[in-house]
Amino acid sequence: MGEGVLTSGFSRVDGALACEGVSLDRIAAEVGTPAYVYSTSVVRDRYQKLDAALAPMPHRIHYTLKANSNRGLLNVLRDLGAGVDVVSGGELFRAMRAGFGGKDVIFGGVGKTERELREALEAQVLLINVESEAEIRLLDRVAGELGVTAPIGIRVNPEVTVDSSHRYIKTGEKGAKFGVPFDEVLGAARVAAELPHTTLLGLDMHIGSQLFRLDPYLDGTERLVELLGKLKKDGIDTLEYLDIGGGLGVSYDDEQPPDLTRFAHALTSRVQPTGLTLLMEPGRFIVGNAGVLLTRVLYRKRSGGRQFLITDAGMTELLRPSHYDAYHRIEAVHDTDKQMTADVVGPVCESGDFLALDREMDDANAGDLLAVYDVGAYGYVMASNYNTRPRGVEVLVDGDRFAVATARERYEDLVHLEHEDPQWRDA
């Protein structure tokens, strides 16, 4: 990943895990469990290292909110100079509320509603990355009604082969629902250039997540540059941005993430000759390794020759193990010289509710604290209230201080939108 990149904000002090300068014991005692704990040092380091690597060319990093939209983390990234990438009206609302201006925002997503397109135009976002000719035409109509010109980027499906760890996070292969098929991009671009209320400013791609090889990125970038040349021959010379998306891999086990220096050097040689500004939309890379899920063991039991650790966190707090078959390292917060093989499962009434199966791990018993690593991305944002379970607390750590960034939900929060006496309407 390049020299000097901070890989973790968590370490042991006198045998107990701490996040930066704050013990996880203290956090659990003061805010309870389950708790998501984020190291701001890791977030700052990842952003600054990527920004420095891309420095040889005009660029801007737009952090992807779908990875983790916590307000406290957004404040940290805004202060570092990041822009944001959003994929819904709700994420746009969050970004604006966190102090990002319209020109800090790229609005993407395969199924934007008319309302969301209107909200994006009213916010004066930098780019709306469209994914079909039908969306371009709808956007032109909405922009005309508002009396504005819509700034368009076309999301290209570059149709390159990727090696993501799970098929659900591959988005740039032939036949994916995302983006305009490669052989239809020129036609879509001509439509965007000819309509009265749209202007084509960028080409965009996002080929997937957890990418460890550079080849798919570079192949996709070369295909965008190829399209740029064809557009110029067509007389379309309004483009300002080349958006290569996100997807840089992070380590959950023993993976070797991409070397940023090599990555940036290879990009520079391809992008710089275009004269366009490079946009990049990392999410997981910035926040993935920055968080742990702090959970307490409720019970230890045996069944069918298997050991079970039943914890107060499960699929409602971290969906990735059951949804993606994802691996997350788990350690006891306090050192132990014993090991065990266990299924770490949650309290949810589903057989698929687990954090780890048949895992060799630290020995633990009821009352012990466990830390589930690398939950900074796609942890809290994918949490649910299934079984009417309140979502956990989110905590930011900065050096030797910590703060609650998102309060733990109360039972009352779970029902506040419900009508006790619904008002019936006649057909």
# chains A, B, ... in the order shown; residues from 1 in each chain; ligands from 1
$ select_by_dssp --residues "segment 290-374 of chain A" --states "strand (DSSP E)" --output "ChimeraX atom specification"
/A:291-303,306-311,330-332,339-345,354-362,369-373
$ residues_around --residues "His62 of chain A" --least-positions-apart "5" --cutoff "8 Å" --atoms "only C-alpha atoms" --output "list in words"
Ala82, Gly83, Val84, Asp85, Asp104, Val105, Ile106, Leu279, Met280, Glu281 and Pro282 of chain A
$ residues_around --residues "Ser351 of chain A" --least-positions-apart "4" --cutoff "10 Å" --atoms "only C-alpha atoms" --output "list in words"
Ser322, Val345 and Gly346 of chain A
$ atom_distance --atom1 "atom CA of Ala266 of chain A" --atom2 "atom CA of Glu240 of chain A"
20.2 Å
$ residues_around --residues "Glu184 of chain A" --least-positions-apart "6" --cutoff "10 Å" --atoms "only C-alpha atoms" --output "list of chain:residue names"
A:Ser132, A:Glu133, A:Val156, A:Asn157
$ atom_distance --atom1 "atom CA of Ala377 of chain A" --atom2 "atom CA of Ala53 of chain A"
22.1 Å
$ residues_around --residues "Ser69 of chain A" --least-positions-apart "4" --cutoff "9 Å" --atoms "only C-alpha atoms" --output "PyMOL selection string"
chain A and resi 64-65+73-74+91+94-95+380-381
$ write_last_selection --atoms "N, CA and C atoms" --output "PDB file, in the first residue's frame"
ATOM      1  N   THR A  64     -16.901   8.222  -0.544  1.00  0.00           N
ATOM      2  CA  THR A  64     -18.178   7.582  -0.826  1.00  0.00           C
ATOM      3  C   THR A  64     -18.964   7.342   0.457  1.00  0.00           C
ATOM      4  N   LEU A  65     -20.078   8.057   0.595  1.00  0.00           N
ATOM      5  CA  LEU A  65     -20.850   7.987   1.829  1.00  0.00           C
ATOM      6  C   LEU A  65     -21.417   6.612   2.117  1.00  0.00           C
ATOM      7  N   LEU A  73     -17.339  11.294  11.227  1.00  0.00           N
ATOM      8  CA  LEU A  73     -16.328  10.990  10.216  1.00  0.00           C
ATOM      9  C   LEU A  73     -16.418  11.953   9.039  1.00  0.00           C
ATOM     10  N   LEU A  74     -17.641  12.340   8.675  1.00  0.00           N
ATOM     11  CA  LEU A  74     -17.798  13.309   7.587  1.00  0.00           C
ATOM     12  C   LEU A  74     -17.155  14.643   7.958  1.00  0.00           C
ATOM     13  N   GLU A  91     -28.484  10.509   1.286  1.00  0.00           N
ATOM     14  CA  GLU A  91     -27.049  10.779   1.440  1.00  0.00           C
ATOM     15  C   GLU A  91     -26.726  12.216   1.066  1.00  0.00           C
ATOM     16  N   ARG A  94     -27.566  14.218   4.069  1.00  0.00           N
ATOM     17  CA  ARG A  94     -26.533  14.057   5.090  1.00  0.00           C
ATOM     18  C   ARG A  94     -25.291  14.893   4.760  1.00  0.00           C
ATOM     19  N   ALA A  95     -24.881  14.856   3.505  1.00  0.00           N
ATOM     20  CA  ALA A  95     -23.678  15.580   3.102  1.00  0.00           C
ATOM     21  C   ALA A  95     -23.849  17.087   3.276  1.00  0.00           C
ATOM     22  N   TYR A 380     -22.190  -0.127  10.341  1.00  0.00           N
ATOM     23  CA  TYR A 380     -23.391   0.568  10.825  1.00  0.00           C
ATOM     24  C   TYR A 380     -24.346   0.915   9.691  1.00  0.00           C
ATOM     25  N   VAL A 381     -23.820   1.290   8.525  1.00  0.00           N
ATOM     26  CA  VAL A 381     -24.708   1.703   7.428  1.00  0.00           C
ATOM     27  C   VAL A 381     -25.593   0.561   6.929  1.00  0.00           C
TER      28      VAL A 381
END
$ residues_around --residues "Arg44 of chain A" --least-positions-apart "6" --cutoff "10 Å" --atoms "only C-alpha atoms" --output "list of chain:residue names"
A:Leu6, A:Leu73, A:Val76, A:Leu77, A:Asp79, A:Leu80, A:Ile286, A:Val287, A:Ala290
$ write_last_selection --atoms "N, CA and C atoms" --output "CSV table (one decimal), in the first residue's frame"
chain,number,residue,atom,x,y,z
A,6,LEU,N,-0.8,3.9,7.8
A,6,LEU,CA,-1.3,3.4,9.1
A,6,LEU,C,-2.3,2.3,8.8
A,73,LEU,N,-17.3,11.3,11.2
A,73,LEU,CA,-16.3,11.0,10.2
A,73,LEU,C,-16.4,12.0,9.0
A,76,VAL,N,-14.5,15.0,9.9
A,76,VAL,CA,-13.1,14.8,9.7
A,76,VAL,C,-12.7,15.0,8.3
A,77,LEU,N,-13.4,14.3,7.4
A,77,LEU,CA,-13.0,14.3,6.0
A,77,LEU,C,-13.3,15.7,5.3
A,79,ASP,N,-12.9,18.5,6.8
A,79,ASP,CA,-11.8,19.4,7.2
A,79,ASP,C,-10.5,19.0,6.5
A,80,LEU,N,-10.4,17.8,6.0
A,80,LEU,CA,-9.2,17.4,5.2
A,80,LEU,C,-9.3,17.9,3.8
A,286,ILE,N,-10.8,4.2,2.8
A,286,ILE,CA,-10.6,5.3,3.8
A,286,ILE,C,-11.0,4.9,5.2
A,287,VAL,N,-12.1,4.1,5.3
A,287,VAL,CA,-12.6,3.9,6.7
A,287,VAL,C,-12.7,2.4,7.1
A,290,ALA,N,-10.6,1.3,10.0
A,290,ALA,CA,-10.6,2.3,11.0
A,290,ALA,C,-11.5,1.9,12.2
$ atom_distance --atom1 "atom CA of Thr295 of chain A" --atom2 "atom CA of Arg46 of chain A"
26.0 Å
$ closest_residue --among "A:Val297, A:Leu228, A:Met315, A:Ala120" --to "Gly275 of chain A" --atoms "only C-alpha atoms"
A:Leu228
$ closest_residue --among "A:Ile136, A:Ala35, A:Leu319, A:Ala150" --to "Val348 of chain A" --atoms "only C-alpha atoms"
A:Leu319
$ closest_residue --among "A:Val191, A:Val415, A:Val22, A:Val185" --to "Gly399 of chain A" --atoms "only C-alpha atoms"
A:Val22
$ closest_residue --among "A:Ala189, A:Leu248, A:Met205, A:Val375" --to "Ala264 of chain A" --atoms "only C-alpha atoms"
A:Leu248
$ closest_residue --among "A:Ala192, A:Val110, A:Leu200, A:Ala371" --to "Gly179 of chain A" --atoms "only C-alpha atoms"
A:Val110
$ closest_residue --among "A:Lys338, A:His206, A:Arg78, A:His59" --to "Glu131 of chain A" --atoms "only C-alpha atoms"
A:His206
$ select_by_dssp --residues "segment 125-322 of chain A" --states "helix (DSSP H, G or I)" --output "ChimeraX atom specification"
/A:133-146,167-169,182-194,215-233,260-274,284-290,320-322
